[in-house]
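Asks: my_file07.json is reproduced below (JSON, C-alpha atoms and all ligand atoms).
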[["chain", "number", "residue", "atom", "x", "y", "z"],
["A", 194, "MET", "CA", -22.03, 15.62, 1.46],
["A", 195, "GLY", "CA", -25.74, 15.34, 2.31],
["A", 196, "THR", "CA", -27.99, 12.46, 1.41],
["A", 197, "THR", "CA", -29.85, 14.66, -1.04],
["A", 198, "VAL", "CA", -28.24, 14.07, -4.41],
["A", 199, "ALA", "CA", -29.19, 15.19, -7.88],
["A", 200, "PRO", "CA", -31.76, 12.84, -9.48],
["A", 201, "PRO", "CA", -30.81, 10.48, -12.36],
["A", 202, "GLY", "CA", -30.99, 12.31, -15.67],
["A", 203, "SER", "CA", -30.11, 15.70, -14.23],
["A", 204, "PRO", "CA", -26.73, 17.11, -15.31],
["A", 205, "GLU", "CA", -25.47, 17.10, -11.71],
["A", 206, "PHE", "CA", -26.29, 13.43, -11.08],
["A", 207, "ASP", "CA", -23.15, 11.68, -9.88],
["A", 208, "PRO", "CA", -23.49, 7.92, -9.45],
["A", 209, "ILE", "CA", -20.36, 7.79, -7.28],
["A", 210, "ASP", "CA", -21.94, 10.19, -4.76],
["A", 211, "GLU", "CA", -25.10, 8.13, -4.98],
["A", 212, "VAL", "CA", -23.19, 4.93, -4.07],
["A", 213, "ILE", "CA", -21.60, 6.62, -1.05],
["A", 214, "THR", "CA", -24.81, 8.21, 0.22],
["A", 215, "THR", "CA", -26.73, 4.97, -0.33],
["A", 216, "VAL", "CA", -24.24, 3.03, 1.81],
["A", 217, "ALA", "CA", -24.52, 5.75, 4.48],
["A", 218, "ALA", "CA", -28.31, 5.57, 4.34],
["A", 219, "LEU", "CA", -28.12, 1.76, 4.75],
["A", 220, "ALA", "CA", -25.75, 1.87, 7.73],
["A", 221, "PRO", "CA", -28.51, 2.23, 10.36],
["A", 222, "GLU", "CA", -30.48, -0.59, 8.69],
["A", 223, "ILE", "CA", -27.44, -2.84, 8.67],
["A", 224, "ARG", "CA", -26.78, -1.98, 12.31],
["A", 225, "SER", "CA", -30.34, -2.70, 13.31],
["A", 226, "CYS", "CA", -30.29, -6.11, 11.57],
["A", 227, "LEU", "CA", -27.40, -7.32, 13.71],
["A", 228, "PRO", "CA", -28.92, -8.32, 17.06],
["A", 229, "GLY", "CA", -31.02, -11.13, 15.59],
["A", 230, "ARG", "CA", -28.39, -12.34, 13.11],
["A", 231, "ARG", "CA", -25.40, -13.32, 15.22],
["A", 232, "VAL", "CA", -25.83, -16.99, 14.34],
["A", 233, "LYS", "CA", -23.98, -19.05, 11.76],
["A", 234, "ARG", "CA", -25.61, -20.07, 8.51],
["A", 235, "ASP", "CA", -24.91, -23.45, 7.06],
["A", 236, "GLU", "CA", -22.84, -21.87, 4.27],
["A", 237, "THR", "CA", -19.31, -20.68, 3.62],
["A", 238, "ASN", "CA", -18.34, -17.69, 1.48],
["A", 239, "PRO", "CA", -16.17, -18.07, -1.66],
["A", 240, "SER", "CA", -13.05, -17.73, 0.52],
["A", 241, "GLY", "CA", -14.18, -20.70, 2.63],
["A", 242, "GLU", "CA", -15.15, -18.66, 5.71],
["A", 243, "GLU", "CA", -18.27, -19.49, 7.71],
["A", 244, "GLN", "CA", -21.07, -17.03, 7.01],
["A", 245, "LEU", "CA", -23.31, -15.50, 9.64],
["A", 246, "GLU", "CA", -26.93, -14.61, 8.94],
["A", 247, "ALA", "CA", -25.82, -10.97, 9.22],
["A", 248, "ASP", "CA", -23.25, -11.33, 6.40],
["A", 249, "ALA", "CA", -25.87, -12.68, 4.02],
["A", 250, "TYR", "CA", -28.51, -10.14, 5.06],
["A", 251, "ALA", "CA", -26.19, -7.12, 4.62],
["A", 252, "ASP", "CA", -25.03, -8.46, 1.26],
["A", 253, "GLU", "CA", -28.62, -8.83, -0.04],
["A", 254, "LEU", "CA", -29.55, -5.35, 1.16],
["A", 255, "LEU", "CA", -26.48, -3.77, -0.47],
["A", 256, "LEU", "CA", -27.07, -5.63, -3.72],
["A", 257, "GLU", "CA", -30.69, -4.52, -3.85],
["A", 258, "ARG", "CA", -29.99, -0.81, -3.13],
["A", 259, "LEU", "CA", -26.66, -0.32, -4.91],
["A", 260, "GLY", "CA", -27.80, -2.41, -7.85],
["A", 261, "ALA", "CA", -30.76, -0.06, -8.36],
["A", 262, "ILE", "CA", -28.55, 3.02, -8.84],
["A", 263, "ASP", "CA", -28.46, 4.42, -12.36],
["A", 264, "GLY", "CA", -24.92, 4.08, -13.66],
["A", 265, "VAL", "CA", -23.99, 1.05, -11.51],
["A", 266, "VAL", "CA", -23.63, -1.94, -13.82],
["A", 267, "GLU", "CA", -21.86, -4.57, -11.68],
["A", 268, "TYR", "CA", -22.11, -5.67, -8.06],
["A", 269, "ALA", "CA", -19.72, -8.12, -6.45],
["A", 270, "SER", "CA", -19.10, -9.00, -2.84],
["A", 271, "GLU", "CA", -17.02, -11.23, -0.63],
["A", 272, "GLU", "CA", -20.17, -13.19, 0.12],
["A", 273, "ARG", "CA", -21.02, -14.33, -3.41],
["A", 274, "GLU", "CA", -19.08, -16.31, -6.01],
["A", 275, "GLU", "CA", -19.84, -14.34, -9.16],
["A", 276, "VAL", "CA", -20.15, -10.75, -10.30],
["A", 277, "ILE", "CA", -23.82, -9.77, -10.63],
["A", 278, "ALA", "CA", -24.79, -7.70, -13.68],
["A", 279, "VAL", "CA", -27.16, -5.01, -12.40],
["A", 280, "GLY", "CA", -27.16, -2.64, -15.37],
["A", 281, "GLU", "CA", -26.24, -2.43, -19.01],
["A", 282, "GLY", "CA", -23.40, -0.83, -20.94],
["A", 283, "GLU", "CA", -20.49, 0.99, -19.39],
["A", 284, "GLY", "CA", -20.67, 2.19, -15.84],
["A", 285, "LEU", "CA", -19.52, 1.63, -12.31],
["A", 286, "SER", "CA", -18.67, -1.68, -10.69],
["A", 287, "VAL", "CA", -19.01, -1.86, -6.92],
["A", 288, "GLY", "CA", -17.03, -4.33, -4.84],
["A", 289, "ILE", "CA", -18.32, -4.77, -1.31],
["A", 290, "ASP", "CA", -17.24, -6.40, 1.92],
["A", 291, "PRO", "CA", -20.71, -6.25, 3.52],
["A", 292, "LEU", "CA", -19.56, -6.95, 7.09],
["A", 293, "ASP", "CA", -15.85, -6.81, 7.58],
["A", 294, "GLY", "CA", -14.76, -8.58, 10.76],
["A", 295, "SER", "CA", -18.07, -10.34, 11.30],
["A", 296, "SER", "CA", -16.46, -12.79, 13.74],
["A", 297, "ASN", "CA", -16.56, -9.76, 16.05],
["A", 298, "LEU", "CA", -20.36, -9.88, 16.06],
["A", 299, "LYS", "CA", -20.61, -12.68, 18.63],
["A", 300, "PRO", "CA", -18.45, -10.84, 21.21],
["A", 301, "ASN", "CA", -20.09, -7.50, 20.21],
["A", 302, "ASN", "CA", -17.01, -5.74, 18.92],
["A", 303, "THR", "CA", -16.23, -3.40, 16.05],
["A", 304, "MET", "CA", -17.10, -4.24, 12.46],
["A", 305, "GLY", "CA", -17.28, -2.40, 9.15],
["A", 306, "THR", "CA", -18.65, -2.27, 5.62],
["A", 307, "ILE", "CA", -16.11, -1.66, 2.84],
["A", 308, "VAL", "CA", -16.98, -0.16, -0.55],
["A", 309, "ALA", "CA", -14.76, -0.05, -3.64],
["A", 310, "VAL", "CA", -16.08, 1.80, -6.70],
["A", 311, "TYR", "CA", -14.36, 0.96, -9.99],
["A", 312, "ASP", "CA", -15.06, 2.29, -13.48],
["A", 313, "GLN", "CA", -14.12, -1.00, -15.16],
["A", 314, "PRO", "CA", -15.54, -4.54, -15.04],
["A", 315, "LEU", "CA", -14.45, -6.71, -12.11],
["A", 316, "PRO", "CA", -11.90, -7.93, -11.30],
["A", 317, "ALA", "CA", -10.43, -4.45, -11.71],
["A", 318, "ALA", "CA", -7.09, -2.85, -10.85],
["A", 319, "GLY", "CA", -6.13, -0.09, -8.43],
["A", 320, "GLY", "CA", -5.91, 2.34, -11.35],
["A", 321, "ASP", "CA", -9.59, 1.68, -12.12],
["A", 322, "LEU", "CA", -10.74, 2.69, -8.64],
["A", 323, "VAL", "CA", -12.69, 5.96, -8.57],
["A", 324, "ALA", "CA", -13.69, 6.01, -4.89],
["A", 325, "ALA", "CA", -13.35, 3.92, -1.76],
["A", 326, "ALA", "CA", -15.08, 4.12, 1.58],
["A", 327, "TYR", "CA", -15.80, 2.25, 4.76],
["A", 328, "VAL", "CA", -18.44, 2.42, 7.44],
["A", 329, "LEU", "CA", -17.23, 1.73, 10.96],
["A", 330, "TYR", "CA", -19.84, 0.35, 13.36],
["A", 331, "GLY", "CA", -18.25, 1.48, 16.62],
["A", 332, "PRO", "CA", -19.80, 3.31, 19.56],
["A", 333, "ILE", "CA", -20.56, 5.88, 16.85],
["A", 334, "THR", "CA", -21.21, 5.01, 13.22],
["A", 335, "THR", "CA", -18.62, 6.80, 11.10],
["A", 336, "MET", "CA", -17.63, 6.65, 7.46],
["A", 337, "ALA", "CA", -14.30, 7.40, 5.79],
["A", 338, "VAL", "CA", -14.57, 8.31, 2.12],
["A", 339, "ALA", "CA", -11.65, 8.71, -0.29],
["A", 340, "ARG", "CA", -12.19, 10.39, -3.61],
["A", 341, "ASP", "CA", -9.84, 12.37, -5.83],
["A", 342, "ARG", "CA", -7.03, 11.39, -3.46],
["A", 343, "SER", "CA", -8.60, 13.13, -0.48],
["A", 344, "VAL", "CA", -10.16, 11.50, 2.58],
["A", 345, "THR", "CA", -13.09, 12.85, 4.56],
["A", 346, "GLU", "CA", -14.37, 11.37, 7.79],
["A", 347, "TYR", "CA", -18.10, 11.62, 8.49],
["A", 348, "VAL", "CA", -20.40, 10.76, 11.34],
["A", 349, "VAL", "CA", -23.39, 8.86, 10.02],
["A", 350, "ASP", "CA", -26.35, 10.29, 11.87],
["A", 351, "ASP", "CA", -29.63, 8.64, 11.03],
["A", 352, "GLY", "CA", -28.24, 7.68, 7.62],
["A", 353, "GLU", "CA", -27.04, 11.21, 6.82],
["A", 354, "LEU", "CA", -23.37, 12.12, 6.41],
["A", 355, "GLU", "CA", -21.97, 14.92, 8.55],
["A", 356, "ALA", "CA", -18.34, 15.75, 7.79],
["A", 357, "VAL", "CA", -16.17, 15.83, 10.91],
["A", 358, "ARG", "CA", -12.65, 15.76, 9.42],
["A", 359, "GLU", "CA", -11.71, 16.96, 5.93],
["A", 360, "ASP", "CA", -8.43, 16.11, 4.19],
["A", 361, "VAL", "CA", -7.64, 13.45, 6.76],
["A", 362, "ALA", "CA", -3.88, 12.84, 6.97],
["A", 363, "LEU", "CA", -2.01, 10.22, 8.97],
["A", 364, "PRO", "CA", -0.33, 11.94, 11.93],
["A", 365, "ASP", "CA", 3.43, 12.35, 11.41],
["A", 366, "ASP", "CA", 4.31, 10.55, 14.64],
["A", 367, "PRO", "CA", 2.92, 7.02, 14.43],
["A", 368, "LEU", "CA", 1.47, 5.51, 17.60],
["A", 369, "VAL", "CA", -0.26, 2.17, 16.95],
["A", 370, "TYR", "CA", 0.43, -1.17, 15.32],
["A", 371, "GLY", "CA", -1.71, -4.24, 14.72],
["A", 372, "PHE", "CA", -0.61, -7.45, 13.00],
["A", 373, "GLY", "CA", -2.95, -10.29, 12.03],
["A", 374, "GLY", "CA", -2.36, -14.02, 11.71],
["A", 375, "ARG", "CA", -0.95, -16.45, 14.28],
["A", 376, "VAL", "CA", 2.54, -15.42, 15.37],
["A", 377, "PRO", "CA", 4.08, -18.90, 14.76],
["A", 378, "ASP", "CA", 2.67, -18.70, 11.24],
["A", 379, "TRP", "CA", 4.50, -15.44, 10.44],
["A", 380, "THR", "CA", 7.61, -15.62, 8.25],
["A", 381, "PRO", "CA", 10.99, -15.04, 9.97],
["A", 382, "GLU", "CA", 11.38, -11.74, 8.06],
["A", 383, "PHE", "CA", 8.01, -10.41, 9.19],
["A", 384, "THR", "CA", 8.63, -11.61, 12.75],
["A", 385, "GLU", "CA", 11.86, -9.64, 12.86],
["A", 386, "TYR", "CA", 10.09, -6.52, 11.58],
["A", 387, "ALA", "CA", 7.30, -6.97, 14.15],
["A", 388, "ARG", "CA", 9.86, -7.30, 16.99],
["A", 389, "GLU", "CA", 11.51, -4.08, 15.83],
["A", 390, "VAL", "CA", 8.17, -2.20, 15.83],
["A", 391, "GLU", "CA", 7.27, -3.67, 19.25],
["A", 392, "SER", "CA", 10.56, -2.54, 20.73],
["A", 393, "ASP", "CA", 9.95, 1.08, 19.70],
["A", 394, "GLU", "CA", 8.86, 2.74, 22.94],
["A", 395, "SER", "CA", 6.63, 5.21, 21.13],
["A", 396, "MET", "CA", 4.43, 2.46, 19.62],
["A", 397, "LYS", "CA", 1.47, 0.63, 21.22],
["A", 398, "LEU", "CA", -0.28, -2.58, 20.21],
["A", 399, "ARG", "CA", -3.89, -2.08, 19.10],
["A", 400, "TYR", "CA", -5.46, -5.11, 17.45],
["A", 401, "GLY", "CA", -9.19, -5.76, 17.37],
["A", 402, "GLY", "CA", -9.67, -8.57, 14.81],
["A", 403, "ALA", "CA", -11.76, -6.51, 12.37],
["A", 404, "MET", "CA", -9.59, -4.85, 9.79],
["A", 405, "ILE", "CA", -11.75, -1.74, 9.55],
["A", 406, "GLY", "CA", -11.47, -1.06, 13.29],
["A", 407, "ASP", "CA", -7.71, -1.54, 13.14],
["A", 408, "ILE", "CA", -7.36, 0.58, 10.00],
["A", 409, "ASN", "CA", -9.36, 3.39, 11.55],
["A", 410, "GLN", "CA", -6.96, 3.44, 14.49],
["A", 411, "VAL", "CA", -4.05, 3.85, 12.04],
["A", 412, "LEU", "CA", -5.94, 6.61, 10.21],
["A", 413, "THR", "CA", -6.57, 8.37, 13.52],
["A", 414, "TYR", "CA", -3.32, 7.86, 15.45],
["A", 415, "GLY", "CA", -0.83, 6.92, 12.73],
["A", 416, "GLY", "CA", 1.01, 3.61, 12.70],
["A", 417, "VAL", "CA", 0.96, 0.37, 10.78],
["A", 418, "PHE", "CA", -1.52, -2.45, 10.17],
["A", 419, "ALA", "CA", -0.58, -5.71, 8.50],
["A", 420, "TYR", "CA", -2.26, -8.95, 7.59],
["A", 421, "PRO", "CA", 0.93, -10.55, 6.33],
["A", 422, "THR", "CA", 2.02, -13.45, 4.21],
["A", 423, "LEU", "CA", 1.74, -16.53, 6.42],
["A", 424, "ARG", "CA", 3.80, -19.71, 6.18],
["A", 425, "SER", "CA", 0.54, -21.59, 5.67],
["A", 426, "ALA", "CA", -0.93, -18.92, 3.34],
["A", 427, "PRO", "CA", 1.62, -17.06, 1.20],
["A", 428, "GLU", "CA", -1.16, -14.83, -0.17],
["A", 429, "GLY", "CA", -2.28, -13.80, 3.32],
["A", 430, "LYS", "CA", -5.97, -13.66, 4.15],
["A", 431, "LEU", "CA", -7.48, -10.43, 2.87],
["A", 432, "ARG", "CA", -9.06, -9.98, -0.54],
["A", 433, "LEU", "CA", -7.56, -7.64, -3.15],
["A", 434, "GLN", "CA", -10.79, -6.37, -4.77],
["A", 435, "PHE", "CA", -12.86, -5.90, -1.63],
["A", 436, "GLU", "CA", -10.24, -5.06, 1.00],
["A", 437, "GLY", "CA", -6.70, -4.52, -0.35],
["A", 438, "ILE", "CA", -7.35, -1.98, -3.10],
["A", 439, "PRO", "CA", -9.93, 0.20, -1.30],
["A", 440, "ILE", "CA", -7.96, 0.26, 1.96],
["A", 441, "GLY", "CA", -4.72, 0.91, 0.06],
["A", 442, "TYR", "CA", -6.40, 3.84, -1.70],
["A", 443, "ILE", "CA", -7.77, 5.32, 1.52],
["A", 444, "ILE", "CA", -4.45, 5.10, 3.37],
["A", 445, "GLU", "CA", -2.44, 6.41, 0.40],
["A", 446, "SER", "CA", -4.93, 9.28, -0.04],
["A", 447, "ALA", "CA", -4.29, 10.16, 3.61],
["A", 448, "GLY", "CA", -0.56, 10.45, 2.88],
["A", 449, "GLY", "CA", 0.41, 6.92, 3.95],
["A", 450, "ARG", "CA", 1.65, 3.95, 1.95],
["A", 451, "SER", "CA", 0.23, 0.56, 1.09],
["A", 452, "SER", "CA", 2.07, -2.58, 0.01],
["A", 453, "ASP", "CA", 1.72, -6.24, -0.74],
["A", 454, "GLY", "CA", 5.32, -6.60, 0.45],
["A", 455, "GLU", "CA", 6.84, -5.36, -2.80],
["A", 456, "ARG", "CA", 4.60, -2.81, -4.44],
["A", 457, "SER", "CA", 1.62, -0.56, -3.74],
["A", 458, "LEU", "CA", -1.64, -2.50, -3.35],
["A", 459, "LEU", "CA", -2.92, -0.25, -6.15],
["A", 460, "ALA", "CA", -0.29, -1.75, -8.49],
["A", 461, "VAL", "CA", -1.13, -5.41, -7.84],
["A", 462, "GLU", "CA", -2.40, -7.14, -10.98],
["A", 463, "PRO", "CA", -5.88, -8.61, -10.39],
["A", 464, "ASP", "CA", -6.42, -12.12, -11.82],
["A", 465, "ALA", "CA", -9.44, -13.33, -9.92],
["A", 466, "LEU", "CA", -12.42, -11.85, -8.10],
["A", 467, "HIS", "CA", -11.65, -13.43, -4.73],
["A", 468, "GLN", "CA", -7.86, -13.23, -5.02],
["A", 469, "ARG", "CA", -6.10, -12.75, -1.70],
["A", 470, "VAL", "CA", -3.24, -10.38, -1.01],
["A", 471, "PRO", "CA", -0.81, -9.75, 1.86],
["A", 472, "LEU", "CA", -1.69, -6.30, 3.17],
["A", 473, "TYR", "CA", 0.64, -3.76, 4.81],
["A", 474, "VAL", "CA", -0.53, -0.17, 5.28],
["A", 475, "GLY", "CA", 0.40, 2.84, 7.37],
["A", 476, "ASN", "CA", 2.85, 5.68, 7.71],
["A", 477, "ALA", "CA", 5.28, 5.75, 4.79],
["A", 478, "ALA", "CA", 8.43, 5.19, 6.86],
["A", 479, "LEU", "CA", 6.96, 2.11, 8.58],
["A", 480, "VAL", "CA", 5.79, 0.53, 5.31],
["A", 481, "GLU", "CA", 9.10, 1.30, 3.61],
["A", 482, "ARG", "CA", 11.00, -0.36, 6.48],
["A", 483, "LEU", "CA", 8.72, -3.34, 6.14],
["A", 484, "GLU", "CA", 9.37, -3.64, 2.40],
["A", 485, "SER", "CA", 13.11, -3.60, 3.07],
["A", 486, "ALA", "CA", 12.72, -6.20, 5.83],
["A", 487, "LEU", "CA", 10.80, -8.52, 3.49],
["A", 488, "ALA", "CA", 13.10, -7.99, 0.48],
["B", 1, "LIG", "O1", -12.33, -9.83, 6.54],
["B", 1, "LIG", "C1", -11.43, -10.63, 7.11],
["B", 1, "LIG", "C2", -11.18, -10.33, 8.57],
["B", 1, "LIG", "O2", -12.33, -10.49, 9.34],
["B", 1, "LIG", "C3", -10.54, -8.95, 8.84],
["B", 1, "LIG", "O3", -11.48, -7.98, 9.15],
["B", 1, "LIG", "C4", -9.61, -9.22, 9.98],
["B", 1, "LIG", "O4", -8.49, -8.36, 9.96],
["B", 1, "LIG", "C5", -9.22, -10.65, 9.79],
["B", 1, "LIG", "O5", -10.22, -11.27, 8.98],
["B", 1, "LIG", "C6", -9.05, -11.41, 11.08],
["B", 1, "LIG", "O6", -8.84, -12.73, 10.80],
["B", 1, "LIG", "P1", -8.33, -13.82, 11.85],
["B", 1, "LIG", "O7", -9.07, -13.58, 13.12],
["B", 1, "LIG", "O8", -8.65, -15.12, 11.20],
["B", 1, "LIG", "O9", -6.86, -13.60, 11.98],
["B", 2, "MN", "MN", -13.34, -8.29, 5.51]]
Take the structure I supplied and represent it as structure tokens, if you would.
Ligand code: F6P
Ligand code: MN
Replies:
Amino acid sequence: MGTTVAPPGSPEFDPIDEVITTVAALAPEIRSCLPGRRVKRDETNPSGEEQLEADAYADELLLERLGAIDGVVEYASEEREEVIAVGEGEGLSVGIDPLDGSSNLKPNNTMGTIVAVYDQPLPAAGGDLVAAAYVLYGPITTMAVARDRSVTEYVVDDGELEAVREDVALPDDPLVYGFGGRVPDWTPEFTEYAREVESDESMKLRYGGAMIGDINQVLTYGGVFAYPTLRSAPEGKLRLQFEGIPIGYIIESAGGRSSDGERSLLAVEPDALHQRVPLYVGNAALVERLESALA
């Protein structure tokens, strides 16, 4: 995929490609906005989390550029309460987590941008998803894109996408695990599962506090990532529209499994834009064991 796409009106114009290449083109801009925007704003997002200047800046930039694409009719993000109508008639709805893991900005650690493209109005279901992607701001900027149930990993060089891995598949022998939430806040069932995974000598703990960084480790090395149901928060922390469904789709497209504890994240019924969901993703055997442990 290059950043040259067919112009609107031409028979080859594909607004889904345009969304993906636009996010890639914005990645260097988002990266370059970060150094001066590590400070808190005096606002919280709709989930009650403190916003940084960088969260708000990336959200505005993404709204402006994605909202201008022909064929995109709705924009919604973790950083704003309501869906924004950016076009008329039927078309694509984009759900964005502008800066996933932005609490990692202060200590200068990994973060991401997550993109979910639906062909129905938001809130939409997993079956309405037509593409999902994330940018990972690591030592290198990379992007994982899932479409038609296939995942490609790209390096984002100067805003251009260069494919480095096609048909990405989770390795058969899982290596890493990362579990979010405070351990005393885990349920007894999840704690028992976690102890079992920890006691497997072939598995290593890798947890960075930004879901995208942790997910990319699972995509690369195989393993399991969870942000589970907590005693204090039965719905967990992550958001279905902006995090659960796109990440579930990417991991499932790479041959893994996703779950909310009972069913695929793609089968969870959406009732609200900022709805939270417990999230468990990774190699099929590990997610299946987890579902049995939680049953
Ligand atoms: O988007 C929410 C998020 O930042 C995720 O990227 C990450 O997995 C999680 O929150 C970490 O949350 P906490 O540090 O509160 O456990
Ligand atoms: Mn996030």
Asks: Near stretch 269-277 of chain A, within 8 Å and counting all atoms listed in the file, which residues show up once chain neighbours fewer than 6 positions away are dropped, as a list in words?
Replies: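 With the cut-off at 8 Å, the set is Asn238, Pro239, Ser240, Gln244, Asp248, Ala249, Asp252, Ser286, Val287, Gly288, Ile289, Asp290, Pro291, Leu315, Phe435, Leu466 and His467 of chain A.
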Asks: Write the residues of the preceding selection, restricted to C-alpha atoms, as a CSV table (one decimal), in the frame of the given file.
Replies:
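Below is the file that was written, result_10.csv:
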chain,number,residue,atom,x,y,z
A,238,ASN,CA,-18.3,-17.7,1.5
A,239,PRO,CA,-16.2,-18.1,-1.7
A,240,SER,CA,-13.0,-17.7,0.5
A,244,GLN,CA,-21.1,-17.0,7.0
A,248,ASP,CA,-23.2,-11.3,6.4
A,249,ALA,CA,-25.9,-12.7,4.0
A,252,ASP,CA,-25.0,-8.5,1.3
A,286,SER,CA,-18.7,-1.7,-10.7
A,287,VAL,CA,-19.0,-1.9,-6.9
A,288,GLY,CA,-17.0,-4.3,-4.8
A,289,ILE,CA,-18.3,-4.8,-1.3
A,290,ASP,CA,-17.2,-6.4,1.9
A,291,PRO,CA,-20.7,-6.2,3.5
A,315,LEU,CA,-14.4,-6.7,-12.1
A,435,PHE,CA,-12.9,-5.9,-1.6
A,466,LEU,CA,-12.4,-11.8,-8.1
A,467,HIS,CA,-11.6,-13.4,-4.7
Asks: Taking 6 positions as the minimum chain separation for residues in the same chain, which residues sit within 12 Å of A:Tyr250 when counting all atoms listed in the file? Answer as a list in words.
Replies: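 Result of the neighbour search: Leu219, Glu222, Ile223, Arg224, Ser225, Cys226, Leu227, Gly229, Arg230, Arg231, Val232, Arg234, Gln244, Leu256, Glu257, Glu272, Pro291 and Leu292 of chain A.
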Asks: Return as a Markdown table the residues of chain A lying at most 6 Å from ligand LIG 1 (chain B), together with the closest atom-to-atom pair for each and the distance in Å to one decimal, counting all atoms listed in the file, with rows in chain order and ascending residue number.
Replies:
| residue | atom | partner | partner_atom | distance |
| --- | --- | --- | --- | --- |
| A:Asp293 | CA | B:LIG1 | O1 | 4.8 |
| A:Gly294 | CA | B:LIG1 | O2 | 3.4 |
| A:Gly373 | CA | B:LIG1 | O9 | 5.1 |
| A:Gly374 | CA | B:LIG1 | O9 | 4.5 |
| A:Gly402 | CA | B:LIG1 | C6 | 4.7 |
| A:Ala403 | CA | B:LIG1 | O3 | 3.6 |
| A:Met404 | CA | B:LIG1 | O4 | 3.7 |
| A:Leu431 | CA | B:LIG1 | C1 | 5.8 |
Asks: Excluding same-chain residues fewer than 4 positions from stretch 260-266 of chain A, what lies within 8 Å of it counting only C-alpha atoms, as a CSV table (one decimal) with C-alpha atoms, in the frame of the given file?
Replies:
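The result, written out as part.csv:
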chain,number,residue,atom,x,y,z
A,201,PRO,CA,-30.8,10.5,-12.4
A,208,PRO,CA,-23.5,7.9,-9.4
A,211,GLU,CA,-25.1,8.1,-5.0
A,212,VAL,CA,-23.2,4.9,-4.1
A,255,LEU,CA,-26.5,-3.8,-0.5
A,256,LEU,CA,-27.1,-5.6,-3.7
A,278,ALA,CA,-24.8,-7.7,-13.7
A,279,VAL,CA,-27.2,-5.0,-12.4
A,280,GLY,CA,-27.2,-2.6,-15.4
A,281,GLU,CA,-26.2,-2.4,-19.0
A,282,GLY,CA,-23.4,-0.8,-20.9
A,283,GLU,CA,-20.5,1.0,-19.4
A,284,GLY,CA,-20.7,2.2,-15.8
A,285,LEU,CA,-19.5,1.6,-12.3
A,286,SER,CA,-18.7,-1.7,-10.7
A,287,VAL,CA,-19.0,-1.9,-6.9
Asks: Ranking A:Gly202, A:Pro463, A:Pro439, A:Gly454 by minimum distance to A:Glu481 and counting only C-alpha atoms, which one comes first?
Replies: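 For A:Glu481, the nearest of the candidates is A:Gly454.
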Asks: Grab the atom CA of A:Pro316 to atom CA of A:Gln468 distance for me, in Å with one decimal place.
Replies: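 So the answer is 9.2 Å.
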Asks: Could you name the residues that touch stretch 318-332 of chain A at 6 Å or less, counting only C-alpha atoms, but leaving out those on the same chain fewer than 4 positions away, as a PyMOL selection string?
Replies: chain A and resi 303-312+336-340+438-439+459+463
Asks: One number please: atom CA of A:Glu445 to atom CA of A:Val216, in Å, one decimal.
Replies: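 A separation of 22.1 Å between them.
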Asks: Would you please work out which residue, of A:Pro367, A:Gly352, A:Pro204, A:Pro300, is nearest to A:Thr413 when using all atoms listed in the file?
Replies: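 Ranking A:Pro367, A:Gly352, A:Pro204, A:Pro300 by distance to A:Thr413, first place goes to A:Pro367.
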Asks: Given the choices A:Gly449, A:Gly415, A:Pro381, A:Gly406, which gets closest to ligand MN 2 (chain B) if the distance is worked out from all atoms listed in the file?
Replies: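 Of A:Gly449, A:Gly415, A:Pro381, A:Gly406, the one nearest ligand MN 2 (chain B), counting all atoms listed in the file, is A:Gly406.
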Asks: As an exercise, work out the distance from atom CA of A:Leu398 to atom CA of A:Asp378 in Å and give it to one decimal place.
Replies: 18.7 Å
Asks: Tell me which of A:Thr345, A:Asn301, A:Asn409, A:Ser395 sits closest to A:Val357, counting all atoms listed in the file.
Replies: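 Closest residue, counting all atoms listed in the file: A:Thr345.
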Asks: If you count all atoms listed in the file, which residues fall within 7 Å of A:Asp407, apart from same-chain ones fewer than 4 positions away, as a list of chain:residue names?
Replies: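 In the requested format, the answer is A:Gly371, A:Tyr400, A:Gly401, A:Ala403, A:Val411, A:Phe418.
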Asks: With all atoms listed in the file as the basis for distance, which of A:Tyr420, A:Leu479, A:Glu355, A:Gln313 is at the shortest distance from A:Met396?
Replies: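 Using all atoms listed in the file, A:Met396 sits closest to A:Leu479.
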Asks: Given all atoms listed in the file as the basis, pick out the residue of A:Leu354, A:Leu423, A:Leu433, A:Ile333 nearest to ligand MN 2 (chain B).
Replies: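 Among the listed residues, A:Leu433 lies closest to ligand MN 2 (chain B).
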Asks: What are the centre and the three edge lengths of an axis-aligned box that wraps all atoms of stretch 346-365 of chain A in the file, given that 8 Å is added to every side, written as JSON and rounded to one decimal in Å?
Replies:
{"center_x": -13.1, "center_y": 12.3, "center_z": 8.1, "size_x": 49.1, "size_y": 25.3, "size_z": 23.7}
